[in-house]
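Working notes, beginning with the structure itself.
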Amino acid sequence: MKDRKRDVVSWSRFFWCTVFVVVFCVLFTSFSFSSFRLLFREHFHPQIVSIWPKPTMEAIAGESLASAVVAIRDIVIFPDQILIFLIYPPSARLFTKEDIRCVYFSPNSSHPAFIRPPHHIDGQGLLGQIVRCPLNPRGLTISLILKSGVLLPHRGLTHRWNSLVYEASIDRDNATIAFVKGLNLRPDKLYEVSRFECVYGWDFRRTKLLLRSTVISIAQEIVRCETPLSILNAPYNGIKVSIRATGRRTMRSIARLGLQLPSEPSTGSQKPYEMCVCTMLRNQARFLREWIMYHGRIGVQRWFIYDNNSDDDIEEIIVSLVDAHFNISRHVWPWIKTQEAGFAHCALRARASCEWVGFIDIDEFFHMPLGSSLHQVLSNYRNMSEIRVTCHSFGPSGLNHVPTEGVMISYTCRLLTSERHKSIVRPEALNSTLINVVHHFHLRDGFRFVNADRGMLVINHYKYQVWEVFKEKFYRRVATYVTDWQNKQNVGSKDRTPGLGTRAIEPPDWSSRFCEVTDTGLRDRVLKSFKDPMSNVLPWQKE
């Protein structure tokens with residue numbers, strides 16, 4: 001009897017069957033990423049497996065997405081951290097800080113060199129999220145990994161923060177407003193528009209661009225362009241805006257045109273808010289309640305807060321204030337050294353709803369020495385377009401620790417001579433270039449400013465607080481054209497504190513400095529009008 005021939009499975013078939021079994025285990029069991037990687041060593045390149053429904057997505061940037069997944073859109077490297085911008089499908093839930101980790105790879109290796117938790121995650125709704133990761137050591141690349149062990153796909157590029165078109169909007173005149181780092185234009189000066197052009201596209205590495213348009217004006221970090229009609233008439237599709245100077249390459253960009261700024265009400269219509277305030281801050285949440293509650297009592301109705309990379313509890317504080325019926329919006333503005341651009345962006349947003357907008361910092365408080373209201377002050381200057389308000393700079397007033405009652409009650413000693421002014425403006429009166437010197441703008445022709453009477457309105461600037469608070473000024477400056485404290489250039493500038501140098505070392509006499517005049521005017525008003533007579537507690541002290 002002849003022996004039957006044995007059935008032999010080829011190595012190729014055996015290999016692919018093994019792959020199928022392993023993949024099945026990964027998807028339907030608790031088989032870990034690390035175990036899977038051990039099987040395949042350097043040849044394995046993990047991809048995200050979405051845990052959410054996968055609705056059909058429209059083509060973005062002219063390219064069809066293979067599947068509706070969360071992905072890394074862009075990476076921007078800052079001096080102290082890395083910002084990773086995520087893009088989401090419409091139905092996906094947003095990640096929390098516990099869902100994700102920053103992962104760093106050596107060149108040509110799929111084995112992580114190390115993994116770190118993110119500093120912070122800022123939610124942006126359907127526009128995605130911003131994950132802020134620790135700075136990676138030189139030579140390593142960065143990505144994001146989920147708790148399940150899968151990497152997020154990277155669809156964009158890595159950029160440097162100081163040479164980038166980073167924000168863009170369309171204004172009421174259908175012009176594109178682009179905000180740019182790296183042009184290195186001088187402050188307070190208009191430049192020749194013929195040297196520049198705006199470009200619209202998706203991938204500026206390629207020579208073929210979608211559209212070009214004329215620059216209308218260019219100054220500081222703000223470029224105003226004619227928006228092509230084809231873009232105005234099209235729905236949001238993720239198109240990016242960039243700038244090209246004559247003889248240079250197109251600048252890198254993450255600025256996507258999407259939302260058109262709201263238009264102003266028709267002529268004669270009253271805007272919803274008489275008085276609004278714009279500010280930019282970083283890690284100052286502990287001062288926010290006092291600043292908001294006080295200004296709300298004297299007549300501010302709307303607050304635009306530009307958050308410059310805070311990692312304190314600012315979001316929770318704002319939510320609690322909104323729950324207490326204060327009209328506040330937080331706008332994530334991660335760009336460093338961009339206060340002028342941020343205030344210009346805020347002016348555009350506020351133009352549709354605010355009669356007046358004040359541009360002040362969170363350590364600055366409007367004060368009416370004669371006891372009038374903010375409404376009375378604004379009514380007195382109704383025929384003007386800008387009110388310039390004198391600032392008084394207060395010192396530590398003998399204190400060594402952060403006061404529990406707040407700054408207005410506790411700091412009562414200031415310099416005799418006032419410093420620069422801050423402005424309250426009618427946003428529709430601003431020059432279209434949006435040139436500003438941090439806290440005041442250029443006006444359109446025919447619009448006038450006035451210096452506020454000091455008996456009617458001043459600003460108490462609690463500039464030199466206890467050392468624990470003041471020393472933070474050494475670590476971050478938001479204004480583009482103001483030298484950083486730790487930079488040895490312009491050490492004698494008025495933007496620095498005399499005698500402090502470039503290092504955050506507390507002088508032995510700090511608590512007694514900057515005390516030339518005792519000024520208790522605002523303190524007395526707050527104690528009289530704000531303190532609860534039963535509990536003897538101020539509103540911002542209550543939880």
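Chain labels run A, B, ... following the order of the structure tokens; each chain numbers its residues from 1, and ligands are numbered from 1 in the order shown.
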
DSSP strand (DSSP E) residues within region 190-331 of chain A, as a VMD selection string: chain A and resid 196 to 201 211 to 219 222 to 226 240 to 245 273 to 281 302 to 307 328 to 331

Contact residues around Phe365 (chain A) with only C-alpha atoms at 7 Å, ignoring same-chain residues under 2 positions, as a PyMOL selection string: chain A and resi 363+367+459-461

Output file for the residues above (C-alpha atoms, as an mmCIF file, in the first residue's frame):
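Dumped everything to out-v2.cif:
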data_model
loop_
_atom_site.group_PDB
_atom_site.id
_atom_site.type_symbol
_atom_site.label_atom_id
_atom_site.label_comp_id
_atom_site.auth_asym_id
_atom_site.auth_seq_id
_atom_site.Cartn_x
_atom_site.Cartn_y
_atom_site.Cartn_z
ATOM 1 C CA ASP A 363 -2.488 93.340 38.180
ATOM 2 C CA HIS A 367 -10.168 103.321 39.973
ATOM 3 C CA ILE A 459 -5.307 102.707 36.936
ATOM 4 C CA ASN A 460 -3.803 101.260 40.087
ATOM 5 C CA HIS A 461 -0.995 99.059 38.789
#

Residue contacts of Val319 (chain A) (9 Å, only C-alpha atoms) excluding same-chain residues fewer than 5 positions away, as a list in words: Ile314, Ala324 and Ile328 of chain A

Write a file of the selected residues as an mmCIF file, in the first residue's frame, keeping N, CA and C atoms.
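Saved as part_6.cif:
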data_model
loop_
_atom_site.group_PDB
_atom_site.id
_atom_site.type_symbol
_atom_site.label_atom_id
_atom_site.label_comp_id
_atom_site.auth_asym_id
_atom_site.auth_seq_id
_atom_site.Cartn_x
_atom_site.Cartn_y
_atom_site.Cartn_z
ATOM 1 N N ILE A 314 -6.523 77.699 36.119
ATOM 2 C CA ILE A 314 -7.279 78.794 35.524
ATOM 3 C C ILE A 314 -8.613 78.340 34.936
ATOM 4 N N ALA A 324 -21.068 81.903 38.242
ATOM 5 C CA ALA A 324 -21.544 83.031 39.048
ATOM 6 C C ALA A 324 -22.028 84.181 38.170
ATOM 7 N N ILE A 328 -17.314 85.549 30.679
ATOM 8 C CA ILE A 328 -15.879 85.402 30.443
ATOM 9 C C ILE A 328 -15.650 84.351 29.371
#

Shell around Arg244 (chain A) at 6 Å using only C-alpha atoms, local window under 5 positions removed, as a list of chain:residue names: A:Phe196, A:Glu197, A:Thr250

Per residue of region 70-108 of chain A within 8 Å of region 157-166 of chain A, what are the shortest atom pair and its distance in Å to one decimal, counting only C-alpha atoms, with rows by chain and residue number, as CSV?
residue,atom,partner,partner_atom,distance
A:Arg73,CA,A:Leu157,CA,7.6
A:Asp74,CA,A:Leu157,CA,5.4
A:Ile75,CA,A:Thr158,CA,4.6
A:Val76,CA,A:His159,CA,4.7
A:Ile77,CA,A:Arg160,CA,5.1
A:Phe78,CA,A:Trp161,CA,5.6
